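Structure data follow from query39.txt (compact mmCIF, C-alpha atoms):
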# COMPACT_ATOMS: atom_id res chain seq x y z
CA MET A 747 -121.98 84.64 -30.58
CA LYS A 748 -125.75 84.18 -30.60
CA THR A 749 -127.93 86.67 -28.76
CA VAL A 750 -130.64 85.01 -26.68
CA ALA A 751 -133.53 86.51 -24.73
CA ILE A 752 -134.72 84.47 -21.75
CA PHE A 753 -137.83 85.24 -19.72
CA THR A 754 -138.41 83.33 -16.49
CA ASP A 755 -140.86 83.03 -13.63
CA GLY A 756 -141.69 80.81 -10.71
CA ALA A 757 -144.94 80.19 -8.87
CA CYS A 758 -145.90 78.44 -5.68
CA SER A 759 -149.34 77.66 -4.27
CA GLY A 760 -148.52 78.18 -0.62
CA ASN A 761 -144.94 78.74 0.40
CA PRO A 762 -143.98 75.93 0.70
CA GLY A 763 -146.44 74.13 -1.50
CA PRO A 764 -146.86 72.83 -5.03
CA GLY A 765 -144.77 74.97 -7.36
CA GLY A 766 -143.88 75.52 -10.95
CA CYS A 767 -141.16 77.19 -12.95
CA ALA A 768 -141.21 78.36 -16.53
CA ALA A 769 -139.14 80.03 -19.19
CA VAL A 770 -139.54 81.42 -22.67
CA ILE A 771 -136.40 81.43 -24.82
CA ARG A 772 -136.13 83.55 -27.97
CA CYS A 773 -133.27 83.52 -30.43
CA GLY A 774 -133.88 85.23 -33.76
CA ASP A 775 -137.19 83.93 -35.06
CA GLN A 776 -137.04 80.80 -32.87
CA ARG A 777 -139.02 80.53 -29.66
CA LYS A 778 -139.24 77.78 -27.05
CA GLU A 779 -141.45 77.49 -23.96
CA LEU A 780 -140.48 75.32 -20.99
CA SER A 781 -142.16 74.51 -17.69
CA ARG A 782 -141.98 72.02 -14.83
CA GLY A 783 -144.09 71.41 -11.76
CA TYR A 784 -142.99 70.23 -8.32
CA ARG A 785 -145.08 68.73 -5.54
CA ARG A 786 -143.48 70.66 -2.64
CA THR A 787 -141.12 73.60 -2.93
CA THR A 788 -140.86 77.36 -2.39
CA ASN A 789 -141.37 80.38 -4.59
CA ASN A 790 -137.70 81.39 -4.43
CA ARG A 791 -136.63 77.90 -5.50
CA MET A 792 -139.00 78.10 -8.47
CA GLU A 793 -137.62 81.51 -9.51
CA LEU A 794 -134.11 80.02 -9.52
CA SER A 795 -135.27 76.85 -11.27
CA GLY A 796 -136.87 78.77 -14.14
CA ALA A 797 -133.57 80.43 -14.98
CA ILE A 798 -131.64 77.14 -14.69
CA LEU A 799 -134.17 75.34 -16.87
CA ALA A 800 -133.75 77.89 -19.66
CA LEU A 801 -129.96 78.15 -19.49
CA ARG A 802 -129.55 74.38 -19.74
CA GLU A 803 -131.19 74.53 -23.16
CA LEU A 804 -128.34 76.63 -24.57
CA LYS A 805 -125.73 74.41 -26.19
CA ASP A 806 -123.19 77.10 -27.10
CA ARG A 807 -121.82 80.19 -25.39
CA CYS A 808 -124.31 83.01 -25.93
CA SER A 809 -124.97 86.61 -25.08
CA VAL A 810 -128.00 86.25 -22.81
CA GLU A 811 -130.45 88.76 -21.43
CA ILE A 812 -132.55 87.24 -18.63
CA THR A 813 -135.76 89.07 -17.89
CA THR A 814 -137.23 88.24 -14.50
CA ASP A 815 -139.62 89.67 -11.94
CA SER A 816 -137.44 88.20 -9.17
CA THR A 817 -135.15 90.69 -7.45
CA TYR A 818 -133.98 87.69 -5.38
CA VAL A 819 -132.40 86.12 -8.46
CA MET A 820 -131.30 89.30 -10.21
CA ASN A 821 -129.74 91.03 -7.20
CA ALA A 822 -127.58 88.05 -6.31
CA PHE A 823 -125.62 88.76 -9.48
CA GLN A 824 -126.10 92.48 -10.02
CA GLU A 825 -125.39 93.42 -6.40
CA GLY A 826 -122.51 90.94 -6.09
CA TRP A 827 -124.13 88.79 -3.40
CA ILE A 828 -123.11 85.54 -5.08
CA ARG A 829 -119.47 86.61 -5.38
CA ARG A 830 -119.41 87.42 -1.64
CA TRP A 831 -121.24 84.20 -0.72
CA LYS A 832 -118.66 82.13 -2.59
CA ALA A 833 -115.76 84.07 -1.03
CA ASN A 834 -117.32 83.42 2.42
CA GLY A 835 -117.74 79.67 1.86
CA TRP A 836 -121.41 80.06 0.86
CA ARG A 837 -122.20 82.05 4.00
CA THR A 838 -124.09 85.33 4.20
CA ALA A 839 -122.64 88.47 5.73
CA SER A 840 -124.27 87.38 9.01
CA LYS A 841 -122.42 84.01 8.77
CA GLN A 842 -125.62 82.06 8.03
CA ALA A 843 -125.65 79.32 5.39
CA VAL A 844 -126.98 80.60 2.07
CA GLN A 845 -130.46 79.22 1.45
CA ASN A 846 -131.03 77.24 -1.74
CA ILE A 847 -127.29 76.68 -2.21
CA ASP A 848 -127.96 73.68 -4.47
CA LEU A 849 -129.76 75.91 -6.96
CA TRP A 850 -127.45 78.91 -6.58
CA THR A 851 -124.44 76.76 -7.46
CA GLN A 852 -126.24 75.36 -10.51
CA LEU A 853 -127.32 78.81 -11.69
CA ASP A 854 -123.84 80.23 -11.14
CA ALA A 855 -122.32 77.40 -13.19
CA GLU A 856 -124.83 77.83 -16.02
CA LEU A 857 -124.29 81.60 -16.16
CA GLY A 858 -120.53 81.07 -16.15
CA ARG A 859 -120.84 79.60 -19.64
CA HIS A 860 -122.36 82.80 -21.08
CA ASP A 861 -122.12 86.56 -21.28
CA PHE A 862 -125.21 87.64 -19.37
CA ARG A 863 -127.18 90.51 -17.98
CA PHE A 864 -130.41 90.70 -16.05
CA ARG A 865 -133.42 92.88 -16.65
CA TRP A 866 -136.18 93.29 -14.08
CA VAL A 867 -139.87 93.66 -14.90
CA LYS A 868 -142.78 94.08 -12.54
CA GLY A 869 -144.58 90.79 -12.00
CA HIS A 870 -148.23 90.53 -13.02
CA GLY A 871 -147.77 93.70 -15.07
CA ASP A 872 -148.10 94.36 -18.75
CA HIS A 873 -145.06 92.39 -19.97
CA PRO A 874 -146.39 89.68 -22.32
CA GLU A 875 -143.49 87.22 -21.94
CA ASN A 876 -143.45 87.55 -18.13
CA ASN A 877 -147.21 86.98 -18.06
CA ARG A 878 -146.80 83.94 -20.31
CA CYS A 879 -144.13 82.53 -17.99
CA ASP A 880 -146.38 83.12 -15.01
CA ALA A 881 -149.26 81.27 -16.70
CA LEU A 882 -146.96 78.37 -17.62
CA ALA A 883 -145.52 78.17 -14.08
CA VAL A 884 -148.97 78.25 -12.42
CA ALA A 885 -150.26 75.56 -14.81
CA ALA A 886 -147.18 73.40 -14.14
CA ALA A 887 -147.73 73.68 -10.38
CA LYS A 888 -151.28 72.39 -10.88
CA GLY A 889 -150.16 69.50 -13.10
CA ALA A 890 -150.82 65.84 -12.43
CA ASP A 891 -147.27 64.49 -12.58
CA LEU A 892 -145.41 66.80 -10.21
CA LEU A 893 -141.69 66.22 -9.74
CA VAL A 894 -139.87 65.95 -6.42
CA ASP A 895 -137.74 68.97 -5.52
CA ALA A 896 -135.15 66.79 -3.78
CA GLY A 897 -133.10 69.79 -2.69
CA TYR A 898 -136.08 71.07 -0.73
CA GLU A 899 -137.78 67.88 0.40
CA GLN A 900 -134.70 66.16 1.85
CA ASP A 901 -134.18 69.13 4.18
CA HIS A 902 -137.92 69.68 4.84
CA PRO A 903 -139.56 66.24 4.95
CA LEU A 904 -143.22 65.79 5.73
CA PRO A 905 -143.96 63.94 8.97
CA ALA A 906 -145.36 60.42 8.66
CA GLU A 907 -149.04 60.01 9.48
CA GLY A 908 -149.60 59.88 13.22
CA GLN A 909 -146.18 61.35 13.98
CA ALA A 910 -145.53 64.69 15.59
CA PRO A 911 -144.26 67.32 13.11
CA ASP A 912 -140.91 67.61 14.92
CA ARG A 913 -140.03 63.94 14.36
CA THR A 914 -136.46 63.34 13.27
CA VAL A 915 -136.43 62.01 9.72
CA LYS A 916 -133.67 60.10 8.00
CA ARG A 917 -132.58 61.16 4.51
CA GLY A 918 -134.20 59.05 1.84
CA GLU A 919 -137.17 58.11 4.03
CA THR A 920 -140.45 58.33 2.15
CA PHE A 921 -143.94 59.18 3.34
CA GLU A 922 -147.42 58.40 2.15
CA LEU A 923 -149.33 61.62 1.82
CA PHE A 924 -152.88 60.20 1.66
Serialized structure, C-alpha cells:
Amino acid sequence: MKTVAIFTDGACSGNPGPGGCAAVIRCGDQRKELSRGYRRTTNNRMELSGAILALRELKDRCSVEITTDSTYVMNAFQEGWIRRWKANGWRTASKQAVQNIDLWTQLDAELGRHDFRFRWVKGHGDHPENNRCDALAVAAAKGADLLVDAGYEQDHPLPAEGQAPDRTVKRGETFELF
C-alpha cells in the first residue's frame, strides 16, 4: 500500500464570500498541487473541499496522513462526530441538521477508501506545506473563473436586484450580480 502525505487548506474572503481550497499531495518523490476557487462559499466548506479535492486524486487504496489547520475537519473524525452524526440520521447531538452535509458525506466516502489519520498544524505558522496551501487557496479565491459552490448557493441564494433580501427563491433560479 502506498503512503501518501496530503496537506490541505481553505480560504474565504468574507464568510460567506469568494473562497478557495487547495491541497499538496506527496508520494515518494512525486508532488502535486491542486486548487480551485468558488464565487460564494464559506471557510468551513473550503476546508472540507480541500481534503476532498486531494483524496479524489488517489486511484488506489493508500495509507494517508492528512495535515490540516482545520480542527473542524480533523475533529469530526478524531472525536467521532461523524460516526455519531451518521447514527443520528445526520443530526447533531442537539438534533439540528449537520451543516455542510453534502461535503461531509463526500469526505466520509473518500476516506472510506483509505487507511487515514489526521495531523493538525497551526495555520499561518511555520509549516511550509500548510503555508503553500494557504497561498494556493487565497490565489484561487481571487481567480477570474470562479466555480459555483452549488451546495452552498442553492441554500443561500442572492436576492435579485430590487428585491428584499428575505425574498423566497426557487431552486435553480439565477441572478445577475452586476
Could you list, as a ChimeraX atom specification, every residue within 12 Å of range 832-837 of chain A, counting all atoms listed in the file and ignoring same-chain residues fewer than 6 positions away?
/A:822-823,826,843-848,850-851,854
For CA of Arg791 in chain A and CA of Leu849 in chain A, quote the distance in Å rounded to one decimal.
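CA of Leu849 in chain A lies at a distance of 7.3 Å from CA of Arg791 in chain A.
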The residues within 9 Å of (-151.6, 75.6, -12.6), using only C-alpha atoms and the coordinates of the file, should be reported as number ranges by chain; which are they?
A: 757, 759, 765-766, 783, 881-889
Contacts of Leu794 in chain A at 9 Å or less, counting all atoms listed in the file, minus same-chain residues fewer than 3 places along, as a PyMOL selection string?
chain A and resi 754-756+767+789-791+797-799+816+818-819+846+849-850+853
How many Å separate CA of Leu801 in chain A from CA of Asp872 in chain A?
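Between CA of Leu801 in chain A and CA of Asp872 in chain A the gap works out to 24.3 Å.
Between CA of Ala855 in chain A and CA of Ala751 in chain A there is a distance of 18.5 Å.
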Across A:Arg786, A:Cys773, A:Ala768, A:Glu779, the smallest distance to Ala896 in chain A, with only C-alpha atoms counted, is shown by A:Arg786
Which polymer residues have any atom within 7 Å of an atom of Ile812 in chain A, counting only C-alpha atoms, with same-chain residues fewer than 2 positions away left out, as an NGL selection string?
:A and (751-753 or 810 or 814 or 863-865)
Using all atoms listed in the file, pick whichever of A:Cys758, A:Ala890, A:Cys879, A:Ile828 has the shortest atom-to-atom distance to Thr787 in chain A.
A:Cys758
Tell me which protein, DNA and RNA residues are within 9 Å of Ser809 in chain A, counting all atoms listed in the file, leaving out same-chain ones fewer than 3 positions away, and put them as a ChimeraX atom specification.
/A:747-751,860-863
